[in-house]
Amino acid sequence: ADGLSEKAVCEHTPPLKRQRAEAAPASQDMADSAVLPADDGCSSDASAGGAVVPPPPLLPAPEWAGVIERVKSAIVAIRVTGVRPFEDSPAGVWQGTGFVVSLEDPQQALILTNRHIISTGPIRAFATFDEHEELPVFPVYRDPIHDFGLLQFDARRLRFTPAREIALSPSGLRVGAEVLVIGNDNAEKIQILPATIARVDRNSPEYDDTNYQDENTFYAGAGSNTSGGSSGSPVIDRAGACIALNAGGASEAASAYYMPLDRVVYVLEWLRQHRGQAPLPPRGTLLTKFLFQPFDMLRRLGFTEEQERRVLADGAAGGAGAGGAAAAARTFE
């Protein structure tokens with residue numbers, strides 16, 4: 001991982017990191033095998049004359065096994081070479097994860113990943129599929145605000161890996177949802193980490209040593225303990241749909257942070273309807289960064305009881321979630 005840390009609100013806030021791996025370990029399989037003890041047939045159990053019972057195989061739960069089988073062919077390991085520094089992107093080599101989200105035109109199939117994986121500068125990138133096929137991929141969209149982007153590849157060139165896509169389901173992101181984060185964790189192709197969505201109202205993470213920060217969106221949080229290389233991994237629910245995009249995590253804890261997919265769906269639908277047309281999807285910013293704060297914090301900043309009552313009344317009339325946020329915006333106009 002990049003070793004990035006969040007701008008701490010207090011001294012005890014754990015540092016956060018973006019989860020792209022800067023370089024793949026050389027000969028990882030050989031390095032791993034070097035630390036395994038040799039089996040000389042003289043274990044303590046065997047010498048005692050007792051029967052050695054092998055441990056049961058670690059198999060996924062039956063309801064997850066079919067889901068994993070359906071989606072794994074759509075998940076890729078991405079290797080990116082940034083050829084020169086540009087704006088907020090350095091030169092270098094790093095790895096991440098992505099997954100196929102559109103096969104409508106196989107010649108121009110689309111892969112979703114994080115913006116900090118694609119970067120904003122000139123790159124050379126390759127995607128490694130489930131059956132170890134490597135294809136070149138090309139950036140076609142980098143979001144100007146949020147941490148996602150799209151790569152394009154020619155799915156007709158796949159020979160061994162079935163061409164599959166993963167459906168996006170932003171409405172599935174809710175507290176208590178059981179998920180699997182499937183990706184290139186620790187630069188290992190296809191690792192599977194379980195988690196339960198703990199919250200969906202976290203402010204977007206802030207990283208210290210980068211110019212780019214996501215903003216004006218909630219993030220979801222869960223204890224999936226993802227690490228470098230897992231940026232861009234799909235967060236898969238039991239129906240096999242992706243409900244969020246893994247983006248970062250805490251360096252000293254298991255906490256991981258997932259980006260919601262509402263804007264991703266908007267951009268993807270626009271590109272499908274205007275394929276090959278310019279300009280890119282209409283996107284922009286108010287040049288203002290909004291933060292989600294509780295009423296108790298706002299009271300310290302001068303928020304009055306009357307304003308609180310108006311926000312609560314408008315929120316109840318407009319409904320929870322986006323309606324409540326819109327009501328709050330109207331209150332401050």
# chains A, B, ... in the order shown; residues from 1 in each chain; ligands from 1

$ closest_atom_pairs --of "region 145-246 of chain A" --to "region 289-309 of chain A" --cutoff "7 Å" --atoms "only C-alpha atoms" --output "CSV"
residue,atom,partner,partner_atom,distance
A:Asn203,CA,A:Phe292,CA,6.4
A:Glu215,CA,A:Lys289,CA,6.4
A:Asn216,CA,A:Phe290,CA,5.5

$ residues_around --residues "Ala195 (chain A)" --least-positions-apart "2" --cutoff "12 Å" --atoms "only C-alpha atoms" --output "PyMOL selection string"
chain A and resi 175-182+192-193+197-199+220-226+235-238+246+254-258

$ closest_atom_pairs --of "region 178-223 of chain A" --to "region 121-131 of chain A" --cutoff "12 Å" --atoms "only C-alpha atoms" --output "JSON lines"
{"residue": "A:Ile182", "atom": "CA", "partner": "A:Asp130", "partner_atom": "CA", "distance": 11.9}
{"residue": "A:Gly183", "atom": "CA", "partner": "A:Asp130", "partner_atom": "CA", "distance": 10.8}
{"residue": "A:Asn184", "atom": "CA", "partner": "A:Thr128", "partner_atom": "CA", "distance": 10.2}
{"residue": "A:Ala187", "atom": "CA", "partner": "A:Thr128", "partner_atom": "CA", "distance": 11.7}
{"residue": "A:Glu188", "atom": "CA", "partner": "A:Thr128", "partner_atom": "CA", "distance": 11.4}
{"residue": "A:Lys189", "atom": "CA", "partner": "A:Asp130", "partner_atom": "CA", "distance": 8.2}
{"residue": "A:Ile190", "atom": "CA", "partner": "A:Asp130", "partner_atom": "CA", "distance": 7.9}
{"residue": "A:Gln191", "atom": "CA", "partner": "A:Asp130", "partner_atom": "CA", "distance": 11.6}

$ closest_atom_pairs --of "region 231-325 of chain A" --to "region 69-90 of chain A" --cutoff "10 Å" --atoms "only C-alpha atoms" --output "tab-separated table"
residue	atom	partner	partner_atom	distance
A:Ser231	CA	A:Ile78	CA	9.9
A:Gly232	CA	A:Ile78	CA	9.3
A:Ser233	CA	A:Ile75	CA	7.9
A:Pro234	CA	A:Ile75	CA	8.1
A:Ile236	CA	A:Val71	CA	8.7
A:Gly240	CA	A:Val71	CA	6.9
A:Ala241	CA	A:Val71	CA	8.6
A:Cys242	CA	A:Val71	CA	9.6

$ residues_around --residues "Gln107 (chain A)" --least-positions-apart "2" --cutoff "8 Å" --atoms "only C-alpha atoms" --output "PyMOL selection string"
chain A and resi 105+109+153-156

$ closest_residue --among "A:Gly98, A:Ala317, A:Val140, A:His116" --to "Gly276 (chain A)" --atoms "only C-alpha atoms"
A:Val140

$ closest_residue --among "A:Ser119, A:Gly66, A:Gln108, A:Asp143" --to "Arg157 (chain A)" --atoms "only C-alpha atoms"
A:Gln108

$ closest_residue --among "A:Ser171, A:Val101, A:Pro144, A:His274" --to "Leu287 (chain A)" --atoms "only C-alpha atoms"
A:Pro144

$ atom_distance --atom1 "CA of Phe218 (chain A)" --atom2 "CA of Asn114 (chain A)"
15.8 Å

$ atom_distance --atom1 "CA of Tyr141 (chain A)" --atom2 "CA of Ala278 (chain A)"
11.9 Å
